[in-house]
Structure formats: structure tokens, C-alpha cells
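Asks: This structure is in C-alpha cells; I'll ask about it shortly.
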Amino acid sequence: MYAAASGMAAAQQTLDVVADNLANADVTGFKSDVAAFAALGGNASLGTTEIGTHLLFTQGKLVRTGGPFDVAIDGAGFFQVERGGCRAFTRAGAFSRARDGSLQDADGWKLDGVRIPEAATRVDVAADGRVTVEVAAKPRSAGRIQLVAFVAPEHLRQVDSAIFAATEASGAPHTIPAGGDRQPKIAFGTLEKSNVSIVESMMAILAAQRAYEANAKGVQAADEMLRIANNIHRG
Amino acid sequence: MDGIALMATAMRAAQERLDVSAANLANVSSNGFHKRLTRARLTAGGLETETSLDPAQGPLRRTGRAFDLAVAGAGTFSVREHDGRVAAERSGSFFRDAAGHLNDERGRTLLGQHGPLAVGAGATIDPSGVVHDGGAVAGRMEMSAGASLASGFLEGSNVDAVHEMIDVLDAQRAFETAQKALGAIDETRNKDANDVARVRS
């Protein structure tokens with residue numbers, strides 16, 4: 001009975017994770033969560049248990065937006081952002097220019113290393129992150145977007161939908177050496193959509209629902225058997 | 001063997017079948033899980049249940065993560081447990097740690113032919129288990145002969161929920177039947193003892 005109950009709990013946890021993914025399917029730079037389960041207790045039949053969830057950092061679709069300061073990462077890596085002395089990392093690049101010239105997202109997370117002068121007319125971001133602006137019809141450097149990577153990005157802590165903080169397990173951020181063949185590129189004027197697949201999420205929901213029902217049947221059957229055992233004496 | 005004792009072992013066998021089926025059902029979404037099969041056997045001590053592992057391949061599911069590994073077809077690869085033992089594994093989600101070693105969710109380390117594999121973030125693993133990193137060969141996984149590896153895939157559980165549910169119901173009915181038979185034997189004995197030889201007063 002408890003084995004079946006653990007299966008119901010697992011189906012419920014799966015539903016929670018999938019529902020959270022679906023809720024964020026439209027959030028720029030969101031990365032889906034995956035829950036993993038394993039059998040409990042070797043050869044004995046004890047049921048199942050969650051062995052952890054991890055973030056899935058597959059590439060989201062890049063969509064051309066034309067926003068003046070929209071940037072997306074094509075490849076692995078993160079933007080470094082900061083708010084109130086708190087350092088975080090994100091792949092959501094929907095920035096806009098704040099009054100002090102820095103680039104910030106809607107929640108006030110400030111992108112490192114870039115200052116856009118007030119008089120700037122045209123802004124361009126190269127694939128390697130160099131930002132150039134045009135001031136009085138003359139090109140000028142406005143800083144560089146430095147991407148960082150992690151040894152184990154799966155273990156980053158989610159601060160907000162698409163904002164992550166480093167943890168001991170993820171390791172410290174390190175800059176990505178230039179010139180490698182897997183060097184991430186910065187795509188200017190585009191945004192990265194979430195990597196949630198609606199179709200796959202729907203299938204996962206159906207599967208979890210069925211698993212829940214099947215395990216509920218298991219609990220019922222075990223309960224029924226106990227009832228029958230209780231009635232042995234009455235035949 | 002006494003009928004009541006025999007029926008009691010039949011009830012216990014049905015219970016064990018239910019336990020196994022329920023545990024199989026509970027693991028319908030555990031990656032790499034292989035279900036246990038039960039088989040009842042009539043012995044001098046009544047019905048006995050034997051269980052065995054179903055070796056059938058689970059469905060290979062695409063995940064897109066380079067370090068999600070599954071063996072397609074027969075065979076296994078090697079991981080090292082916490083206590084240093086080497087275990088054979090068929091599928092797992094591996095994550096790089098600070099040393100570049102690949103560990104799964106339970107902290108088991110992926111083994112190459114010369115101890116734990118150390119790989120870079122962009123490494124890829126080909127079907128024969130050779131690790132390529134930046135155009136060079138970075139190592140070779142320890143695998144059983146002839147095994148073919150799928151990188152970016154996980155092996156799903158080989159539990160079929162419908163089949164398992166039917167087994168649960170079947171076990172429940174078998175339990176009920178044995179209980180009814182036990183009751184009938186009990187009833188007969190009751191008659192034997194109290195009615196057949198009743199002395200009218």
C-alpha cells in the first residue's frame with residue numbers, strides 16, 4: 001500500500017514541476033526543471049522516491065524582436081547581472097537603458113560592463129559582446145558584455161524565473177575563453193524564448209495523471225485486501 | 001498439506017504479487033527502472049513467490065542533454081558508487097563537478113577505462129563510448145563489449161502501467177478467492193466438529 005502511495009506522491013511531484021514549467025513557458029530565458037525518480041530499496045519492493053530535480057539548460061529558441069537593447073546568447077553561458085550588491089546570472093536579455101546609462105531588465109537587474117552614454121544614437125552589439133555606440137556620428141566603445149559559464153549549471157539556484165545564483169555545487173562563475181569552437185555568440189536584437197516544450201509538458205501531464213490513477217488503484221486494491229483479510233472469520 | 005494452511009500461503013502469495021506490482025507501478029516514471037516479475041510455484045510448503053528482474057529495454061527518451069546517457073540494446077556501462085564499488089548501469093543523467101568528473105543524481109561517478117572520466121563542458125560522447133572534447137579524444141567509457149551508447153537520451157522505465165494495473169486487480173481477486181476457499185474449509189470443519197456428531201439431548 002505504501003509503495004503505491006509513493007507512486008501517487010511521485011506523480012504529484014511531477015505534476016508540480018511540469019505545471020511550474022508551463023507557467024513560465026512565455027518567460028524569456030526561462031529554463032525548465034526536470035524531476036528524477038528512482039526505485040526505493042534495491043530488490044525489496046518499497047516504491048519510489050524523488051532523487052532530485054535539476055535545471056535543463058538546453059537552448060531556447062532565438063526570436064528576433066528588434067528591441068533596442070535586446071540580446072540573447074547563442075550557445076552556453078550567462079549574462080552577469082547585479083542588483084543591490086547581489087550578484088546573479090541570467091540568459092534573459094531584455095534590457096533597457098536606465099537613467100545612469102546602465103542596461104537593466106524590468107526587475108532592475110543591472111548588466112555588468114556596459115554604459116550607454118546619453119547622447120548615443122546607434123547601438124550595436126557584436127557577436128563577441130563588444131558594444132559600440134555612435135555619438136555625434138562617431139563610433140565609440142561602450143563596454144563589453146562578458147559572458148560567464150559554470151562547471152555545473154544544473155546546480156544553480158533559481159532566484160527568480162530566469163535569474164540564477166551560484167551555489168557551491170554549481171561552482172564559481174568563470175569567463176569563457178575566446179576562440180574556442182563552442183564559443184557562445186551574442187545575438188543582438190533577439191531574445192531567447194523559454195526552453196519549455198508545451199507539447200512535451202502536456203504529454204508529461206497526461207502521463208503523470210495516468211500514473212496517479214494507476215497507483216491510486218494499487219492503494220485501493222491493497223486496502224480491499226486488508227478488508228478481505230479482516231473478514232476471514234465471517235467467510 | 002492442510003487446506004487452511006495452503007490457502008493461507010495462497011493469500012500471502014497474492015499479497016506479495018500486489019506488493020511487487022504496486023512497487024512497479026510506483027516506478028512508472030523512474031528512468032532506468034526495470035520492473036520485477038513474479039512467478040508463483042507450488043511447493044511442499046504451499047505457494048511460493050519468486051521474483052526476477054525483467055531485462056526488457058525501456059523506451060529511449062530524447063532529452064537533448066549531452067551527458068544524459070543510455071545504452072541502446074544489450075549491455076551496460078560502469079559507475080563507481082560512494083563506497084568505491086563498481087556497478088553496472090544502463091542509463092543516467094550525469095552532471096559535471098568542479099574536477100570535470102561526471103556524477104549522477106545519486107552521486108555515482110561515471111568510469112572511464114582508467115578511472116573516473118574528466119571531461120570539458122562541451123564534450124560529446126559517441127555510440128562506442130569515446131569522449132570527444134574540442135576535436136581530440138578525451139577518454140573512453142568503461143562499457144560491456146558490444147554495447148551501443150546513446151548520448152542525449154535516457155532509458156525510461158520499462159513498466160507498462162496498464163499491464164501492472166491488471167496484475168494488481170488479478171492479485172486482489174486471487175487473494176479474495178483464496179480467502180473464500182479458506183472460509184469454506186473452515187465452514188466444513190465447523191460442521192464436522194459441531195453438527196455431524198451432535199448428540200441430541
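Naming works like this for the C-alpha cells: A, B, ... for the chains as they're shown, residue 1 at the start of each chain, ligands 1 onward in shown order.
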Please report, as a tab-separated table, each residue of chain B lying at most 7 Å from chain A, together with the nearest pair of atoms and the separation in Å rounded to one decimal; use only C-alpha atoms, and order rows by chain and ascending residue number.

Replies:
```
residue	atom	partner	partner_atom	distance
B:Asp19	CA	A:Ser45	CA	6.4
B:Val20	CA	A:Ser45	CA	5.6
B:Ala22	CA	A:Ala4	CA	5.0
B:Ala23	CA	A:Gly47	CA	4.4
B:Leu25	CA	A:Asn215	CA	6.2
B:Ala26	CA	A:Gly7	CA	3.6
B:Asn27	CA	A:Thr48	CA	5.6
B:Val28	CA	A:Ala211	CA	6.9
B:Ser29	CA	A:Phe37	CA	6.8
B:Ser30	CA	A:Phe37	CA	4.6
B:Asn31	CA	A:Phe37	CA	6.8
B:Phe33	CA	A:Ala39	CA	7.0
B:Gly64	CA	A:Thr58	CA	6.8
B:Arg65	CA	A:Thr58	CA	6.9
B:Phe95	CA	A:Ala152	CA	6.4
B:Arg96	CA	A:Ala152	CA	5.4
B:Asp97	CA	A:Ala152	CA	6.0
B:Ala98	CA	A:Val151	CA	5.9
B:Glu105	CA	A:Ile51	CA	6.4
B:Arg106	CA	A:Ile51	CA	6.9
B:Ala121	CA	A:Val151	CA	6.9
B:Ala161	CA	A:Ala214	CA	6.7
B:Met165	CA	A:Ala214	CA	6.2
B:Val168	CA	A:Gly218	CA	6.3
B:Leu169	CA	A:Ala221	CA	6.7
B:Gln172	CA	A:Ala221	CA	6.1
B:Phe175	CA	A:Met225	CA	6.9
B:Glu176	CA	A:Ile228	CA	6.6
B:Gln179	CA	A:Ile232	CA	6.3
B:Lys180	CA	A:Gly235	CA	6.1
B:Gly183	CA	A:Gly235	CA	4.4
B:Ala184	CA	A:Gly235	CA	6.9
```

Asks: Could you give me, as an MDAnalysis selection string, the residues within 7 Å of Arg115 in chain A, counting only C-alpha atoms and dropping anything in the same chain fewer than 4 positions from it?

Replies: chainID A and resid 101:102 142:143

Asks: Mind checking which residues fall within 10 Å of Leu110 in chain B, counting only C-alpha atoms, ignoring those fewer than 3 positions away in the same chain, and posting them as a list in words?

Replies: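 The filter keeps Phe77, Ser78, Val79, Arg80, Glu81, Val86, Ala87, Glu89, Gly92, Phe94, Phe95, His101, Leu102, Asn103, Asp104, Gly107, Gly115, Pro116, Leu117, Ala118, Met141 and Glu142 of chain B.
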
Asks: Quick one, how far is CA of Glu155 in chain B from CA of Ala70 in chain B?

Replies: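 The value is 5.6 Å.
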
Asks: For Gln158 in chain A, work out the shell of residues within 10 Å, counting only C-alpha atoms and skipping chain neighbours fewer than 4 positions away, then give it as a list of chain:residue names.

Replies: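 The residues that qualify are A:Lys31, A:Leu55, A:Ala88, A:Phe89, A:Thr90, A:Ala162, A:Ile163, A:Phe164, A:Ala165, A:Ala166.
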